[in-house]
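**Q** Mind looking over this structure? Questions follow.
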Amino acid sequence: TWTTENVVEEQVALIRAQVGTRRAICGLSGGVDSAVAAALVHKAIGDRLTCVYVDHGLMRKGETEQVEKDFVAATGVRLKVVDASERFLAALAGVSDPEQKRKIIGREFIRVFEQAQAEIVAEAPGDEPVEFLVQGTLYPDVVESGGGTGTANIKSHHNVGGLPDDLQFELVEPLRKLFKDEVRMVGQELGLPEEIVHRQPFPGPGLGIRIVGEVTRERLDLLREADAIAREELTAAGLDRDIWQCPVVLLADVRSVGVQGDGRTYGHPIVLRPVSSEDAMTADWSRLPYDVLARISTRITNEVKDVNRVVLDVTSKPPGTIEWE
Ligand code: XMP
């Protein structure tokens with residue numbers, strides 16, 4: 001029978017059998033999946049796991065701080081934080097194609113993990129080798145990246161189809177057969193705090209796939225502001241548990257004419273993409289209250305420079321995907 005207790009027990013045994021006495025690193029993204037994967041592996045192999053949080057510069061406001069504080073406080077796991085924003089932005093310069101962005105981000109993640117691996121080994125050279133990379137890959141990620149049987153490749157999720165061919169790590173993916181709601185239950189079973197267990201999904205490639213067009217530092221700053229406003233208002237309205245997630249997307253290559261004060265503007269649109277879903281495989285657009293939408297729109301156009309229009313995405317999945325890229 002399927003119980004979270006059984007899943008935890010079974011996975012802990014499998015992880016121990018796979019890793020043996022060697023060491024592992026785990027990429028933490030701030031999301032539920034990597035947090036639960038890390039907690040499972042930590043339970044199995046203790047301090048032979050080091051978590052690596054890569055700040056790729058594509059994070060939302062406050063995300064890095066949350067990982068540094070909440071997750072470490074909850075699990076006592078060893079954490080290494082790497083500021084890699086320069087490197088990711090340099091690699092993404094001039095790139096607009098969504099699949100290319102995903103591949104680049106996946107590749108850079110691995111390069112950073114390899115560096116972290118070398119540093120961890122250098123810190124304690126006598127210990128067992130660091131040979132494993134833990135990832136919070138879920139069943140839907142596998143299916144939608146073309147890893148399942150009979151499905152088309154929809155997107156290269158950064159941790160599945162986005163991996164480089166010359167990967168130096170053996171992967172540990174204890175959540176590969178689970179759906180998101182099951183992962184949340186496992187997280188609860190492992191004693192992770194509510195804020196982590198019920199966090200809305202956020203993709204590994206971060207804001208990099210929410211800028212339609214080239215990713216630049218200025219565009220990221222602008223999108224980060226708009227996203228923070230939307231999240232603030234949704235939380236204030238008590239809607240966090242009603243929606244699955246709400247991507248906020250910047251159409252960086254689109255401009256439209258507007259008027260502000262007594263002058264003409266020529267700015268970018270921001271798209272709100274609130275969805276409800278059970279497992280992210282299908283989704284419907286959330287019928288958010290008009291007054292909440294109005295507040296978000298007013299605040300974003302008033303407070304975010306160069307944004308003069310807010311539009312609402314009313315497409316289900318399929319035919320739309322949840323993210324725009
Ligand atoms: P789509 O856009 O395919 O998204 O409908 C389905 C769910 O997956 C998230 N997503 C990702 N998560 N790495 C992740 O960890 C990725 O590369 C990635 N791409 C999409 C998305 O936010 C949604 O919850």
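So you can find residues: chains in the structure tokens are A, B, ... in the order shown, residues in each start at 1, and ligands are numbered from 1 in order.
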Write out as number ranges by chain the residues lying within 8 Å of range 245-257 of chain A, counting only C-alpha atoms and excluding same-chain residues fewer than 5 positions away.
**A** A: 200-202, 210-214, 219, 223, 226-227, 230, 264-276, 308-309, 322-324
**Q** Can you list, as a list of chain:residue names, every residue of range 154-282 of chain A that DSSP puts in strand (DSSP E)?
**A**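 Residues meeting the strand (DSSP E) criterion: A:Glu170, A:Leu171, A:Val172, A:Ile211, A:Val212, A:Val248, A:Val249, A:Leu250, A:Leu251, A:Ser256, A:Val257, A:Gly258, A:Val259, A:Gln260, A:Gly263, A:Arg264, A:Thr265, A:Tyr266, A:Gly267, A:His268, A:Pro269, A:Ile270, A:Val271, A:Leu272, A:Val275, A:Ser276.
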**Q** Please save C-alpha atoms of the selected residues as a PDB file, in the first residue's frame.
**A**
ATOM      1  CA  GLU A 170      25.698   9.607 -11.154  1.00  0.00           C
ATOM      2  CA  LEU A 171      22.182  10.892 -10.542  1.00  0.00           C
ATOM      3  CA  VAL A 172      20.111  10.196  -7.438  1.00  0.00           C
ATOM      4  CA  ILE A 211      11.411  36.819 -20.075  1.00  0.00           C
ATOM      5  CA  VAL A 212      10.257  36.320 -23.636  1.00  0.00           C
ATOM      6  CA  VAL A 248       4.609  36.602 -14.107  1.00  0.00           C
ATOM      7  CA  VAL A 249       6.052  37.023 -17.568  1.00  0.00           C
ATOM      8  CA  LEU A 250       7.819  39.949 -19.234  1.00  0.00           C
ATOM      9  CA  LEU A 251       7.272  40.346 -22.970  1.00  0.00           C
ATOM     10  CA  SER A 256       2.842  49.110 -26.787  1.00  0.00           C
ATOM     11  CA  VAL A 257       1.766  52.705 -26.606  1.00  0.00           C
ATOM     12  CA  GLY A 258       0.336  54.078 -23.405  1.00  0.00           C
ATOM     13  CA  VAL A 259      -0.245  57.330 -21.583  1.00  0.00           C
ATOM     14  CA  GLN A 260       0.938  58.220 -18.131  1.00  0.00           C
ATOM     15  CA  GLY A 263       2.936  61.947 -21.665  1.00  0.00           C
ATOM     16  CA  ARG A 264       3.066  59.141 -24.163  1.00  0.00           C
ATOM     17  CA  THR A 265       4.760  55.943 -23.040  1.00  0.00           C
ATOM     18  CA  TYR A 266       6.094  53.080 -25.106  1.00  0.00           C
ATOM     19  CA  GLY A 267       6.628  50.236 -22.682  1.00  0.00           C
ATOM     20  CA  HIS A 268       6.501  46.501 -22.181  1.00  0.00           C
ATOM     21  CA  PRO A 269       3.546  44.330 -21.202  1.00  0.00           C
ATOM     22  CA  ILE A 270       3.597  42.062 -18.149  1.00  0.00           C
ATOM     23  CA  VAL A 271       1.537  38.877 -18.360  1.00  0.00           C
ATOM     24  CA  LEU A 272      -0.134  37.329 -15.316  1.00  0.00           C
ATOM     25  CA  VAL A 275      -3.363  28.654 -12.891  1.00  0.00           C
ATOM     26  CA  SER A 276      -5.088  25.957 -10.928  1.00  0.00           C
TER      27      SER A 276
END
**Q** For ligand 1, list the contacting residues at 9 Å or closer, counting only C-alpha atoms and all ligand atoms, as an MDAnalysis selection string.
**A** chainID A and resid 29 31 33:34 102 105:106 136:138 140:141 144:145 154:162 200:206 209 244:247 279:283 317:318 320:325
**Q** Excluding same-chain residues fewer than 2 positions from range 75-80 of chain A, what lies within 6 Å of it counting only C-alpha atoms, as JSON, numbers by chain?
**A** {"A": [50, 51, 52, 72, 73]}
**Q** Next, dump the selected residues to file, keeping only N, CA and C atoms, as a PDB file, in the first residue's frame.
**A**
ATOM      1  N   THR A  50      26.135  17.195   0.885  1.00  0.00           N
ATOM      2  CA  THR A  50      26.261  18.654   0.967  1.00  0.00           C
ATOM      3  C   THR A  50      25.272  19.244  -0.021  1.00  0.00           C
ATOM      4  N   CYS A  51      24.439  20.166   0.439  1.00  0.00           N
ATOM      5  CA  CYS A  51      23.523  20.837  -0.474  1.00  0.00           C
ATOM      6  C   CYS A  51      24.211  22.044  -1.089  1.00  0.00           C
ATOM      7  N   VAL A  52      23.952  22.263  -2.355  1.00  0.00           N
ATOM      8  CA  VAL A  52      24.550  23.401  -3.050  1.00  0.00           C
ATOM      9  C   VAL A  52      23.426  24.276  -3.581  1.00  0.00           C
ATOM     10  N   VAL A  72      17.897  25.388   6.064  1.00  0.00           N
ATOM     11  CA  VAL A  72      18.983  24.949   6.942  1.00  0.00           C
ATOM     12  C   VAL A  72      18.468  24.809   8.374  1.00  0.00           C
ATOM     13  N   ALA A  73      17.632  25.743   8.790  1.00  0.00           N
ATOM     14  CA  ALA A  73      17.076  25.676  10.147  1.00  0.00           C
ATOM     15  C   ALA A  73      16.230  24.412  10.315  1.00  0.00           C
TER      16      ALA A  73
END
**Q** As an exercise, work out the distance from CA of Asp47 in chain A to CA of Cys26 in chain A in Å and give it to one decimal place.
**A**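 Going from CA of Asp47 in chain A over to CA of Cys26 in chain A, I get 11.8 Å.
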**Q** Between CA of Ile300 in chain A and CA of Asp284 in chain A, what is the distance in Å, rounded to a tenth?
**A**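 That distance, rounded to one decimal, is 23.9 Å.
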**Q** Enumerate, as a list of chain:residue names, the complete set of residues in range 137-172 of chain A that a backbone-based DSSP assignment places in helix (DSSP H, G or I).
**A**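 Checking each residue of range 137-172 of chain A, the helix (DSSP H, G or I) ones are A:Tyr139, A:Pro140, A:Asp141, A:Val142, A:Val143, A:Glu144.
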**Q** How about saving the chosen residues, N, CA and C atoms kept, as a PDB file, in the first residue's frame?
**A**
ATOM      1  N   TYR A 139       7.864  12.906 -11.541  1.00  0.00           N
ATOM      2  CA  TYR A 139       7.332  12.126 -12.657  1.00  0.00           C
ATOM      3  C   TYR A 139       6.916  13.011 -13.850  1.00  0.00           C
ATOM      4  N   PRO A 140       6.162  14.072 -13.613  1.00  0.00           N
ATOM      5  CA  PRO A 140       5.775  14.925 -14.761  1.00  0.00           C
ATOM      6  C   PRO A 140       6.969  15.536 -15.494  1.00  0.00           C
ATOM      7  N   ASP A 141       8.067  15.835 -14.770  1.00  0.00           N
ATOM      8  CA  ASP A 141       9.256  16.386 -15.438  1.00  0.00           C
ATOM      9  C   ASP A 141       9.806  15.373 -16.424  1.00  0.00           C
ATOM     10  N   VAL A 142       9.820  14.106 -15.982  1.00  0.00           N
ATOM     11  CA  VAL A 142      10.358  13.032 -16.813  1.00  0.00           C
ATOM     12  C   VAL A 142       9.496  12.873 -18.061  1.00  0.00           C
ATOM     13  N   VAL A 143       8.183  12.834 -17.851  1.00  0.00           N
ATOM     14  CA  VAL A 143       7.253  12.634 -18.960  1.00  0.00           C
ATOM     15  C   VAL A 143       7.341  13.777 -19.966  1.00  0.00           C
ATOM     16  N   GLU A 144       7.318  15.010 -19.478  1.00  0.00           N
ATOM     17  CA  GLU A 144       7.250  16.145 -20.393  1.00  0.00           C
ATOM     18  C   GLU A 144       8.580  16.454 -21.059  1.00  0.00           C
TER      19      GLU A 144
END
**Q** So how many Å separate CA of Asp165 in chain A and CA of Pro125 in chain A, to one decimal?
**A**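 Distance reported for this atom pair: 27.2 Å.
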